[in-house]
file data-v9.pdb (PDB, C-alpha atoms)
ATOM      1  CA  MET A   1      -3.959  12.043 -10.419  1.00  0.00           C
ATOM      2  CA  SER A   2      -1.421   9.455 -11.479  1.00  0.00           C
ATOM      3  CA  LEU A   3      -1.030   6.486  -9.142  1.00  0.00           C
ATOM      4  CA  VAL A   4       2.403   5.003  -8.552  1.00  0.00           C
ATOM      5  CA  GLU A   5       3.469   2.055  -6.448  1.00  0.00           C
ATOM      6  CA  LEU A   6       4.829   2.902  -3.020  1.00  0.00           C
ATOM      7  CA  GLY A   7       5.590  -0.713  -2.197  1.00  0.00           C
ATOM      8  CA  ARG A   8       4.309  -4.249  -1.740  1.00  0.00           C
ATOM      9  CA  PHE A   9       3.311  -5.430   1.690  1.00  0.00           C
ATOM     10  CA  ASP A  10       1.520  -8.335   3.305  1.00  0.00           C
ATOM     11  CA  ARG A  11      -2.224  -7.740   3.679  1.00  0.00           C
ATOM     12  CA  ASN A  12      -2.197  -6.462   7.247  1.00  0.00           C
ATOM     13  CA  GLU A  13       0.891  -4.317   6.854  1.00  0.00           C
ATOM     14  CA  ALA A  14      -0.540  -2.723   3.700  1.00  0.00           C
ATOM     15  CA  HIS A  15      -3.590  -1.509   5.593  1.00  0.00           C
ATOM     16  CA  ILE A  16      -1.449  -0.228   8.457  1.00  0.00           C
ATOM     17  CA  VAL A  17       0.660   1.735   5.932  1.00  0.00           C
ATOM     18  CA  ILE A  18      -2.483   3.137   4.315  1.00  0.00           C
ATOM     19  CA  GLY A  19      -3.816   4.228   7.713  1.00  0.00           C
ATOM     20  CA  ARG A  20      -0.517   5.879   8.595  1.00  0.00           C
ATOM     21  CA  LEU A  21      -0.427   7.746   5.293  1.00  0.00           C
ATOM     22  CA  ASP A  22      -4.049   8.794   5.717  1.00  0.00           C
ATOM     23  CA  SER A  23      -3.223  10.239   9.151  1.00  0.00           C
ATOM     24  CA  GLU A  24      -0.633  12.420   7.408  1.00  0.00           C
ATOM     25  CA  GLY A  25      -3.109  13.569   4.748  1.00  0.00           C
ATOM     26  CA  ILE A  26      -1.838  11.319   1.955  1.00  0.00           C
ATOM     27  CA  ASP A  27      -4.434   9.303   0.066  1.00  0.00           C
ATOM     28  CA  ALA A  28      -3.426   5.711  -0.638  1.00  0.00           C
ATOM     29  CA  VAL A  29      -5.156   2.641  -2.006  1.00  0.00           C
ATOM     30  CA  ALA A  30      -4.486  -1.080  -1.868  1.00  0.00           C
ATOM     31  CA  LEU A  31      -4.452  -3.079  -5.091  1.00  0.00           C
ATOM     32  CA  ASP A  32      -4.442  -6.866  -5.425  1.00  0.00           C
ATOM     33  CA  GLY A  33      -5.887  -7.280  -1.943  1.00  0.00           C
ATOM     34  CA  ASN A  34      -8.490  -9.784  -3.071  1.00  0.00           C
ATOM     35  CA  SER A  35      -6.316 -11.735  -5.478  1.00  0.00           C
ATOM     36  CA  SER A  36      -6.516 -15.517  -5.427  1.00  0.00           C
ATOM     37  CA  ILE A  37      -9.177 -15.911  -2.767  1.00  0.00           C
ATOM     38  CA  ALA A  38     -10.473 -19.011  -4.549  1.00  0.00           C
ATOM     39  CA  ASP A  39      -7.218 -20.966  -4.594  1.00  0.00           C
ATOM     40  CA  GLY A  40      -6.222 -20.286  -0.995  1.00  0.00           C
ATOM     41  CA  SER A  41      -3.186 -18.097  -1.650  1.00  0.00           C
ATOM     42  CA  TYR A  42      -5.076 -15.020  -0.478  1.00  0.00           C
ATOM     43  CA  PHE A  43      -2.590 -14.207   2.290  1.00  0.00           C
ATOM     44  CA  PHE A  44       0.551 -14.935   0.271  1.00  0.00           C
ATOM     45  CA  ILE A  45       0.147 -12.454  -2.579  1.00  0.00           C
ATOM     46  CA  PRO A  46       1.635  -9.048  -1.740  1.00  0.00           C
ATOM     47  CA  VAL A  47      -0.704  -6.071  -1.742  1.00  0.00           C
ATOM     48  CA  ARG A  48       0.466  -3.054  -3.719  1.00  0.00           C
ATOM     49  CA  VAL A  49       0.054   0.271  -1.931  1.00  0.00           C
ATOM     50  CA  MET A  50      -0.460   3.046  -4.440  1.00  0.00           C
ATOM     51  CA  VAL A  51      -0.201   6.809  -3.904  1.00  0.00           C
ATOM     52  CA  ASP A  52      -0.427   9.867  -6.097  1.00  0.00           C
ATOM     53  CA  GLU A  53       2.845  10.485  -7.892  1.00  0.00           C
ATOM     54  CA  GLU A  54       3.111  13.905  -6.248  1.00  0.00           C
ATOM     55  CA  ASP A  55       2.921  12.298  -2.779  1.00  0.00           C
ATOM     56  CA  LEU A  56       5.443   9.522  -3.411  1.00  0.00           C
ATOM     57  CA  ALA A  57       8.490  11.182  -1.826  1.00  0.00           C
ATOM     58  CA  ALA A  58       6.583  12.182   1.314  1.00  0.00           C
ATOM     59  CA  ALA A  59       4.995   8.720   1.558  1.00  0.00           C
ATOM     60  CA  ARG A  60       8.416   7.061   1.326  1.00  0.00           C
ATOM     61  CA  ARG A  61       9.721   9.252   4.160  1.00  0.00           C
ATOM     62  CA  ILE A  62       6.733   8.356   6.331  1.00  0.00           C
ATOM     63  CA  VAL A  63       7.123   4.624   5.709  1.00  0.00           C
ATOM     64  CA  ALA A  64      10.889   4.794   6.286  1.00  0.00           C
ATOM     65  CA  GLY A  65      10.344   6.668   9.545  1.00  0.00           C
ATOM     66  CA  ALA A  66       7.898   4.045  10.783  1.00  0.00           C
ATOM     67  CA  ALA A  67      10.367   1.176  10.391  1.00  0.00           C
TER
END
call {"tool": "encode", "arguments": {"input": "data-v9.pdb", "output": "structure tokens"}}
result
Amino acid sequence: MSLVELGRFDRNEAHIVIGRLDSEGIDAVALDGNSSIADGSYFFIPVRVMVDEEDLAAARRIVAGAA
């Protein structure tokens, strides 16, 4: 498994995207979600949504279709 970045989203949107992908059978993880809690910029740092490289094209179609 080789993780690649699907995109960067605000915290809430990232978890919505992950849930949508999961409902389609695509595993996804959020990275950087807990960055900068101490300095108060917790909600301003984009969260990277990562998927398996083999699922990237399908994940992009799903995200594009949800917009």
call {"tool": "resolve_selection", "arguments": {"input": "data-v9.pdb", "expression": "the PyMOL selection byres ((chain A and resi 46-54) around 9)", "output": "JSON, numbers by chain"}}
result
{"A": [1, 2, 3, 4, 5, 6, 7, 8, 9, 10, 11, 13, 14, 15, 17, 18, 26, 27, 28, 29, 30, 31, 32, 33, 34, 35, 43, 44, 45, 55, 56, 57, 58, 59]}
call {"tool": "write_last_selection", "arguments": {"input": "data-v9.pdb", "atoms": "C-alpha atoms", "output": "compact mmCIF listing (two decimals), in the coordinates of the input"}}
result
# COMPACT_ATOMS: atom_id res chain seq x y z
CA MET A 1 -3.96 12.04 -10.42
CA SER A 2 -1.42 9.46 -11.48
CA LEU A 3 -1.03 6.49 -9.14
CA VAL A 4 2.40 5.00 -8.55
CA GLU A 5 3.47 2.06 -6.45
CA LEU A 6 4.83 2.90 -3.02
CA GLY A 7 5.59 -0.71 -2.20
CA ARG A 8 4.31 -4.25 -1.74
CA PHE A 9 3.31 -5.43 1.69
CA ASP A 10 1.52 -8.34 3.30
CA ARG A 11 -2.22 -7.74 3.68
CA GLU A 13 0.89 -4.32 6.85
CA ALA A 14 -0.54 -2.72 3.70
CA HIS A 15 -3.59 -1.51 5.59
CA VAL A 17 0.66 1.74 5.93
CA ILE A 18 -2.48 3.14 4.32
CA ILE A 26 -1.84 11.32 1.96
CA ASP A 27 -4.43 9.30 0.07
CA ALA A 28 -3.43 5.71 -0.64
CA VAL A 29 -5.16 2.64 -2.01
CA ALA A 30 -4.49 -1.08 -1.87
CA LEU A 31 -4.45 -3.08 -5.09
CA ASP A 32 -4.44 -6.87 -5.42
CA GLY A 33 -5.89 -7.28 -1.94
CA ASN A 34 -8.49 -9.78 -3.07
CA SER A 35 -6.32 -11.74 -5.48
CA PHE A 43 -2.59 -14.21 2.29
CA PHE A 44 0.55 -14.94 0.27
CA ILE A 45 0.15 -12.45 -2.58
CA ASP A 55 2.92 12.30 -2.78
CA LEU A 56 5.44 9.52 -3.41
CA ALA A 57 8.49 11.18 -1.83
CA ALA A 58 6.58 12.18 1.31
CA ALA A 59 5.00 8.72 1.56
call {"tool": "axis_aligned_box", "arguments": {"input": "data-v9.pdb", "around": "segment 22-33 of chain A", "padding_each_side": "6 Å", "output": "lines of an AutoDock Vina configuration file"}}
result
center_x = -3.3
center_y = 3.1
center_z = 1.9
size_x = 17.3
size_y = 32.8
size_z = 26.6
call {"tool": "residues_near_point", "arguments": {"input": "data-v9.pdb", "point": "(1.5, 5.4, 6.3)", "cutoff": "8 Å", "atoms": "all atoms listed in the file", "output": "short mmCIF file (atom, residue, chain, number, x, y, z; two decimals) with C-alpha atoms, keeping the file's coordinate frame"}}
result
data_model
loop_
_atom_site.label_atom_id
_atom_site.label_comp_id
_atom_site.auth_asym_id
_atom_site.auth_seq_id
_atom_site.Cartn_x
_atom_site.Cartn_y
_atom_site.Cartn_z
CA ILE A 16 -1.45 -0.23 8.46
CA VAL A 17 0.66 1.74 5.93
CA ILE A 18 -2.48 3.14 4.32
CA GLY A 19 -3.82 4.23 7.71
CA ARG A 20 -0.52 5.88 8.60
CA LEU A 21 -0.43 7.75 5.29
CA ASP A 22 -4.05 8.79 5.72
CA SER A 23 -3.22 10.24 9.15
CA GLU A 24 -0.63 12.42 7.41
CA ALA A 59 5.00 8.72 1.56
CA ILE A 62 6.73 8.36 6.33
CA VAL A 63 7.12 4.62 5.71
CA ALA A 66 7.90 4.04 10.78
#
